[in-house]
file protein12.tsv (TSV, C-alpha atoms)
chain	number	residue	atom	x	y	z
A	343	MET	CA	0.00	0.00	0.00
A	344	LYS	CA	1.44	3.35	-1.04
A	345	VAL	CA	1.67	6.10	1.56
A	346	ILE	CA	0.30	9.48	0.45
A	347	PRO	CA	2.72	12.33	1.16
A	348	LYS	CA	1.72	14.67	3.97
A	349	THR	CA	1.94	17.74	1.72
A	350	LYS	CA	1.65	18.38	-1.97
A	351	THR	CA	4.63	20.74	-2.02
A	352	ASN	CA	6.88	18.05	-3.46
A	353	ILE	CA	4.89	18.10	-6.69
A	354	HIS	CA	5.58	21.79	-7.33
A	355	TYR	CA	9.07	22.00	-5.83
A	356	PRO	CA	11.58	22.91	-8.56
A	357	LYS	CA	14.63	20.64	-8.57
A	358	ILE	CA	16.87	23.66	-9.22
A	359	LEU	CA	16.26	24.72	-5.61
A	360	ASP	CA	17.92	21.49	-4.48
A	361	VAL	CA	20.93	22.32	-6.64
A	362	ILE	CA	21.02	25.85	-5.19
A	363	ARG	CA	20.81	24.40	-1.65
A	364	MET	CA	23.71	22.07	-2.41
A	365	LEU	CA	25.79	24.91	-3.86
A	366	LEU	CA	25.04	27.02	-0.79
A	367	GLY	CA	26.20	24.17	1.42
A	368	ILE	CA	29.42	23.77	-0.55
A	369	PHE	CA	30.05	27.52	-0.39
A	370	LEU	CA	29.52	27.66	3.39
A	371	ALA	CA	31.72	24.61	3.97
A	372	LEU	CA	34.51	26.10	1.84
A	373	LYS	CA	34.17	29.41	3.67
A	374	GLY	CA	34.46	27.54	6.98
A	375	ALA	CA	37.59	25.74	5.73
A	376	GLU	CA	39.04	29.07	4.62
A	377	PHE	CA	38.35	30.57	8.05
A	378	LEU	CA	39.94	27.53	9.67
A	379	THR	CA	43.17	28.01	7.75
A	380	HIS	CA	43.29	31.76	8.51
A	381	VAL	CA	42.13	31.89	12.15
A	382	TYR	CA	45.03	33.96	13.42
A	383	LEU	CA	44.87	36.43	10.54
A	384	LEU	CA	41.15	36.98	11.17
A	385	ARG	CA	41.72	37.37	14.91
A	386	ASP	CA	44.50	39.90	14.36
A	387	LEU	CA	42.36	41.83	11.86
A	388	ILE	CA	39.43	42.03	14.26
A	389	VAL	CA	41.55	42.92	17.30
A	390	SER	CA	43.67	45.53	15.45
A	391	ASN	CA	40.60	47.30	14.00
A	392	ASN	CA	38.74	47.20	17.33
A	393	ALA	CA	35.71	45.82	15.46
A	394	ILE	CA	34.57	43.94	18.56
A	395	SER	CA	35.26	45.27	22.03
A	396	ALA	CA	36.19	41.95	23.64
A	397	SER	CA	39.31	40.18	24.79
A	398	PRO	CA	41.44	38.42	22.16
A	399	ALA	CA	40.51	35.05	23.69
A	400	THR	CA	36.81	35.83	23.27
A	401	VAL	CA	37.38	36.92	19.68
A	402	THR	CA	39.27	33.68	18.95
A	403	MET	CA	36.47	31.63	20.50
A	404	LEU	CA	33.90	33.50	18.38
A	405	ILE	CA	35.95	32.88	15.22
A	406	TYR	CA	36.16	29.15	16.00
A	407	TYR	CA	32.40	29.04	16.61
A	408	ILE	CA	31.72	30.74	13.27
A	409	THR	CA	34.23	28.49	11.52
A	410	TYR	CA	32.73	25.24	12.76
A	411	VAL	CA	29.14	26.35	12.23
A	412	HIS	CA	30.05	27.20	8.62
A	413	LEU	CA	32.02	23.99	8.10
A	414	VAL	CA	29.61	21.49	9.65
A	415	GLY	CA	26.52	23.49	8.72
A	416	GLY	CA	27.61	23.71	5.09
A	417	ILE	CA	28.03	19.95	4.90
A	418	LEU	CA	24.62	19.38	6.51
A	419	ILE	CA	22.95	21.90	4.19
A	420	PHE	CA	24.57	20.16	1.21
A	421	LEU	CA	23.21	16.80	2.41
A	422	GLY	CA	19.82	18.28	3.25
A	423	LEU	CA	19.94	17.15	6.87
A	424	PHE	CA	18.45	19.49	9.51
A	425	THR	CA	18.43	22.21	6.86
A	426	ARG	CA	16.05	24.61	8.60
A	427	LEU	CA	17.85	24.34	11.94
A	428	ILE	CA	21.28	24.87	10.38
A	429	CYS	CA	20.01	27.83	8.34
A	430	ILE	CA	18.63	29.37	11.54
A	431	LEU	CA	22.05	28.89	13.21
A	432	GLN	CA	23.79	30.44	10.17
A	433	PHE	CA	21.43	33.42	9.97
A	434	PRO	CA	22.87	35.53	12.85
A	435	ILE	CA	26.41	34.85	11.64
A	436	LEU	CA	25.64	36.12	8.14
A	437	PHE	CA	23.60	39.00	9.52
A	438	GLY	CA	26.63	40.02	11.62
A	439	ALA	CA	28.96	39.53	8.65
A	440	LEU	CA	26.77	41.81	6.61
A	441	PHE	CA	27.46	44.68	8.99
A	442	PHE	CA	31.06	43.65	9.73
A	443	VAL	CA	31.96	43.61	6.03
A	444	ASN	CA	30.12	46.88	5.52
A	445	ILE	CA	32.01	48.60	8.37
A	446	LEU	CA	35.54	47.50	7.41
A	447	SER	CA	35.27	47.75	3.62
A	448	PRO	CA	34.59	50.46	1.05
A	449	PHE	CA	31.03	51.17	-0.10
A	450	VAL	CA	30.96	49.04	-3.24
A	451	ASN	CA	32.11	45.62	-2.16
A	452	ALA	CA	31.70	42.17	-3.71
A	453	ASP	CA	31.72	40.50	-0.28
A	454	LEU	CA	28.81	42.67	0.79
A	455	TRP	CA	26.67	41.52	-2.15
A	456	LEU	CA	27.73	37.92	-1.57
A	457	SER	CA	26.70	38.19	2.09
A	458	ILE	CA	23.33	39.62	1.06
A	459	LEU	CA	22.80	36.78	-1.43
A	460	VAL	CA	23.74	34.08	1.09
A	461	LEU	CA	21.51	35.71	3.72
A	462	ALA	CA	18.60	35.73	1.27
A	463	LEU	CA	19.20	32.06	0.41
A	464	LEU	CA	19.31	31.15	4.10
A	465	MET	CA	15.94	32.89	4.58
A	466	LEU	CA	14.57	30.99	1.59
A	467	PHE	CA	15.64	27.60	2.95
A	468	ILE	CA	14.37	28.45	6.43
A	469	VAL	CA	10.94	28.85	4.84
A	470	ILE	CA	10.90	26.03	2.25
A	471	GLY	CA	13.11	23.45	3.94
A	472	SER	CA	15.46	20.99	2.33
A	473	GLY	CA	13.40	19.75	-0.62
A	474	PRO	CA	12.81	16.31	-2.13
A	475	LEU	CA	16.48	15.55	-2.94
A	476	SER	CA	17.67	15.55	0.65
A	477	LEU	CA	18.69	13.19	3.38
A	478	ASP	CA	15.75	14.41	5.49
A	479	ARG	CA	13.23	13.24	2.88
A	480	PHE	CA	15.14	10.00	2.29
A	481	LEU	CA	15.10	9.14	6.00
A	482	ALA	CA	11.45	10.17	6.36
A	483	GLY	CA	10.59	8.01	3.34
A	484	ASN	CA	12.24	4.96	4.88
A	485	LYS	CA	10.36	5.57	8.13
A	486	ASP	CA	7.05	5.74	6.26
A	487	ASP	CA	7.85	2.48	4.42
A	488	ASP	CA	8.37	0.66	7.74
A	489	GLU	CA	4.91	1.61	9.07
call {"tool": "encode", "arguments": {"input": "protein12.tsv", "output": "structure tokens"}}
result
Amino acid sequence: MKVIPKTKTNIHYPKILDVIRMLLGIFLALKGAEFLTHVYLLRDLIVSNNAISASPATVTMLIYYITYVHLVGGILIFLGLFTRLICILQFPILFGALFFVNILSPFVNADLWLSILVLALLMLFIVIGSGPLSLDRFLAGNKDDDE
């Protein structure tokens, strides 16, 4: 007996959104890897510009938090596992980066537009979820088959 899906959104969900979600995940994971390789440069940049009024140890801890959320979150977004939760965790980081990049850089800035695009995509995937080509749907499908 075939189980009827709970919603009809899968019928009208464009597959290109799954590709965009995967590309977003790859981008965030690569950005996390880049941050991981340049932790001390980022810390020195933030401390020398007085961008955050905190101790250097706190700044380093914040950078490691951002790095690992980007790295692990990017992989999970790519796989489509806990997509909404990870996008919610990424949202304040990108929102802060939007203002941090805007403060330290000139007015016209490619990183600023990239941050705006990634922030918009995170909002999109918070609303629509991971889509049909995701590990969440695969695991939910196997659970429905067992019942």
call {"tool": "closest_residue", "arguments": {"input": "protein12.tsv", "among": "A:Leu378, A:Ile394, A:Leu366, A:Leu383", "to": "A:Leu464", "atoms": "only C-alpha atoms"}}
result
A:Leu366
call {"tool": "closest_residue", "arguments": {"input": "protein12.tsv", "among": "A:His354, A:Arg479, A:Gly438, A:Ile368", "to": "A:Ile417", "atoms": "all atoms listed in the file"}}
result
A:Ile368
call {"tool": "residues_around", "arguments": {"input": "protein12.tsv", "residues": "A:Gly422", "least_positions_apart": "3", "cutoff": "9 Å", "atoms": "all atoms listed in the file", "output": "list in words"}}
result
Asp360, Arg363, Met364, Gly367, Ile417, Leu418, Ile419, Thr425, Gly471, Ser472, Gly473, Leu475, Ser476, Leu477, Asp478 and Arg479 of chain A
call {"tool": "atom_distance", "arguments": {"input": "protein12.tsv", "atom1": "atom CA of A:Met465", "atom2": "atom CA of A:Thr400"}}
result
28.2 Å
call {"tool": "residues_around", "arguments": {"input": "protein12.tsv", "residues": "A:Val414", "least_positions_apart": "2", "cutoff": "12 Å", "atoms": "only C-alpha atoms", "output": "number ranges by chain"}}
result
A: 367-375, 378, 406-412, 416-421, 423-425, 428-429, 431-432
call {"tool": "atom_distance", "arguments": {"input": "protein12.tsv", "atom1": "atom CA of A:Val401", "atom2": "atom CA of A:Val381"}}
result
10.2 Å
call {"tool": "closest_residue", "arguments": {"input": "protein12.tsv", "among": "A:Trp455, A:Phe437, A:Phe442, A:Phe467", "to": "A:Leu359", "atoms": "all atoms listed in the file"}}
result
A:Phe467
call {"tool": "closest_residue", "arguments": {"input": "protein12.tsv", "among": "A:Leu427, A:Leu413, A:Leu466, A:Ile435", "to": "A:Thr379", "atoms": "all atoms listed in the file"}}
result
A:Leu413
call {"tool": "closest_residue", "arguments": {"input": "protein12.tsv", "among": "A:Ile430, A:Ala482, A:Leu404, A:Ile470", "to": "A:Pro356", "atoms": "all atoms listed in the file"}}
result
A:Ile470
call {"tool": "atom_distance", "arguments": {"input": "protein12.tsv", "atom1": "atom CA of A:Leu436", "atom2": "atom CA of A:Leu481"}}
result
29.0 Å
call {"tool": "axis_aligned_box", "arguments": {"input": "protein12.tsv", "around": "stretch 353-366 of chain A", "padding_each_side": "5 Å", "output": "AutoDock Vina command-line options"}}
result
--center_x 15.3 --center_y 22.6 --center_z -5.0 --size_x 30.9 --size_y 18.9 --size_z 18.4
call {"tool": "build_atoms", "arguments": {"input": "protein12.tsv", "residues": "stretch 368-387 of chain A", "atoms": "N, CA and C atoms", "output": "PDB file, keeping the file's coordinate frame"}}
result
ATOM      1  N   ILE A 368      28.005  23.856  -0.151  1.00  0.00           N
ATOM      2  CA  ILE A 368      29.420  23.770  -0.550  1.00  0.00           C
ATOM      3  C   ILE A 368      30.113  25.100  -0.274  1.00  0.00           C
ATOM      4  N   PHE A 369      29.461  26.206  -0.619  1.00  0.00           N
ATOM      5  CA  PHE A 369      30.050  27.520  -0.390  1.00  0.00           C
ATOM      6  C   PHE A 369      30.326  27.753   1.093  1.00  0.00           C
ATOM      7  N   LEU A 370      29.344  27.438   1.955  1.00  0.00           N
ATOM      8  CA  LEU A 370      29.520  27.660   3.390  1.00  0.00           C
ATOM      9  C   LEU A 370      30.612  26.765   3.957  1.00  0.00           C
ATOM     10  N   ALA A 371      30.676  25.512   3.496  1.00  0.00           N
ATOM     11  CA  ALA A 371      31.720  24.610   3.970  1.00  0.00           C
ATOM     12  C   ALA A 371      33.101  25.096   3.534  1.00  0.00           C
ATOM     13  N   LEU A 372      33.222  25.567   2.306  1.00  0.00           N
ATOM     14  CA  LEU A 372      34.510  26.100   1.840  1.00  0.00           C
ATOM     15  C   LEU A 372      34.889  27.372   2.600  1.00  0.00           C
ATOM     16  N   LYS A 373      33.901  28.203   2.900  1.00  0.00           N
ATOM     17  CA  LYS A 373      34.170  29.410   3.670  1.00  0.00           C
ATOM     18  C   LYS A 373      34.631  29.040   5.081  1.00  0.00           C
ATOM     19  N   GLY A 374      34.021  28.018   5.671  1.00  0.00           N
ATOM     20  CA  GLY A 374      34.460  27.540   6.980  1.00  0.00           C
ATOM     21  C   GLY A 374      35.875  26.990   6.935  1.00  0.00           C
ATOM     22  N   ALA A 375      36.221  26.266   5.879  1.00  0.00           N
ATOM     23  CA  ALA A 375      37.590  25.740   5.730  1.00  0.00           C
ATOM     24  C   ALA A 375      38.577  26.887   5.546  1.00  0.00           C
ATOM     25  N   GLU A 376      38.171  27.912   4.803  1.00  0.00           N
ATOM     26  CA  GLU A 376      39.040  29.070   4.620  1.00  0.00           C
ATOM     27  C   GLU A 376      39.269  29.788   5.954  1.00  0.00           C
ATOM     28  N   PHE A 377      38.209  29.950   6.738  1.00  0.00           N
ATOM     29  CA  PHE A 377      38.350  30.570   8.050  1.00  0.00           C
ATOM     30  C   PHE A 377      39.255  29.741   8.955  1.00  0.00           C
ATOM     31  N   LEU A 378      39.136  28.417   8.838  1.00  0.00           N
ATOM     32  CA  LEU A 378      39.940  27.530   9.670  1.00  0.00           C
ATOM     33  C   LEU A 378      41.427  27.669   9.366  1.00  0.00           C
ATOM     34  N   THR A 379      41.767  27.876   8.117  1.00  0.00           N
ATOM     35  CA  THR A 379      43.170  28.010   7.750  1.00  0.00           C
ATOM     36  C   THR A 379      43.733  29.403   8.049  1.00  0.00           C
ATOM     37  N   HIS A 380      42.850  30.389   8.259  1.00  0.00           N
ATOM     38  CA  HIS A 380      43.290  31.760   8.510  1.00  0.00           C
ATOM     39  C   HIS A 380      42.773  32.309   9.837  1.00  0.00           C
ATOM     40  N   VAL A 381      42.693  31.460  10.857  1.00  0.00           N
ATOM     41  CA  VAL A 381      42.130  31.890  12.150  1.00  0.00           C
ATOM     42  C   VAL A 381      42.924  33.042  12.745  1.00  0.00           C
ATOM     43  N   TYR A 382      44.224  32.932  12.757  1.00  0.00           N
ATOM     44  CA  TYR A 382      45.030  33.960  13.420  1.00  0.00           C
ATOM     45  C   TYR A 382      45.042  35.276  12.638  1.00  0.00           C
ATOM     46  N   LEU A 383      44.973  35.199  11.322  1.00  0.00           N
ATOM     47  CA  LEU A 383      44.870  36.430  10.540  1.00  0.00           C
ATOM     48  C   LEU A 383      43.546  37.143  10.805  1.00  0.00           C
ATOM     49  N   LEU A 384      42.459  36.384  10.878  1.00  0.00           N
ATOM     50  CA  LEU A 384      41.150  36.980  11.170  1.00  0.00           C
ATOM     51  C   LEU A 384      41.129  37.588  12.570  1.00  0.00           C
ATOM     52  N   ARG A 385      41.699  36.859  13.535  1.00  0.00           N
ATOM     53  CA  ARG A 385      41.720  37.370  14.910  1.00  0.00           C
ATOM     54  C   ARG A 385      42.516  38.667  14.985  1.00  0.00           C
ATOM     55  N   ASP A 386      43.688  38.685  14.344  1.00  0.00           N
ATOM     56  CA  ASP A 386      44.500  39.900  14.360  1.00  0.00           C
ATOM     57  C   ASP A 386      43.805  41.059  13.657  1.00  0.00           C
ATOM     58  N   LEU A 387      43.092  40.791  12.573  1.00  0.00           N
ATOM     59  CA  LEU A 387      42.360  41.830  11.860  1.00  0.00           C
ATOM     60  C   LEU A 387      41.262  42.423  12.737  1.00  0.00           C
TER      61      LEU A 387
END
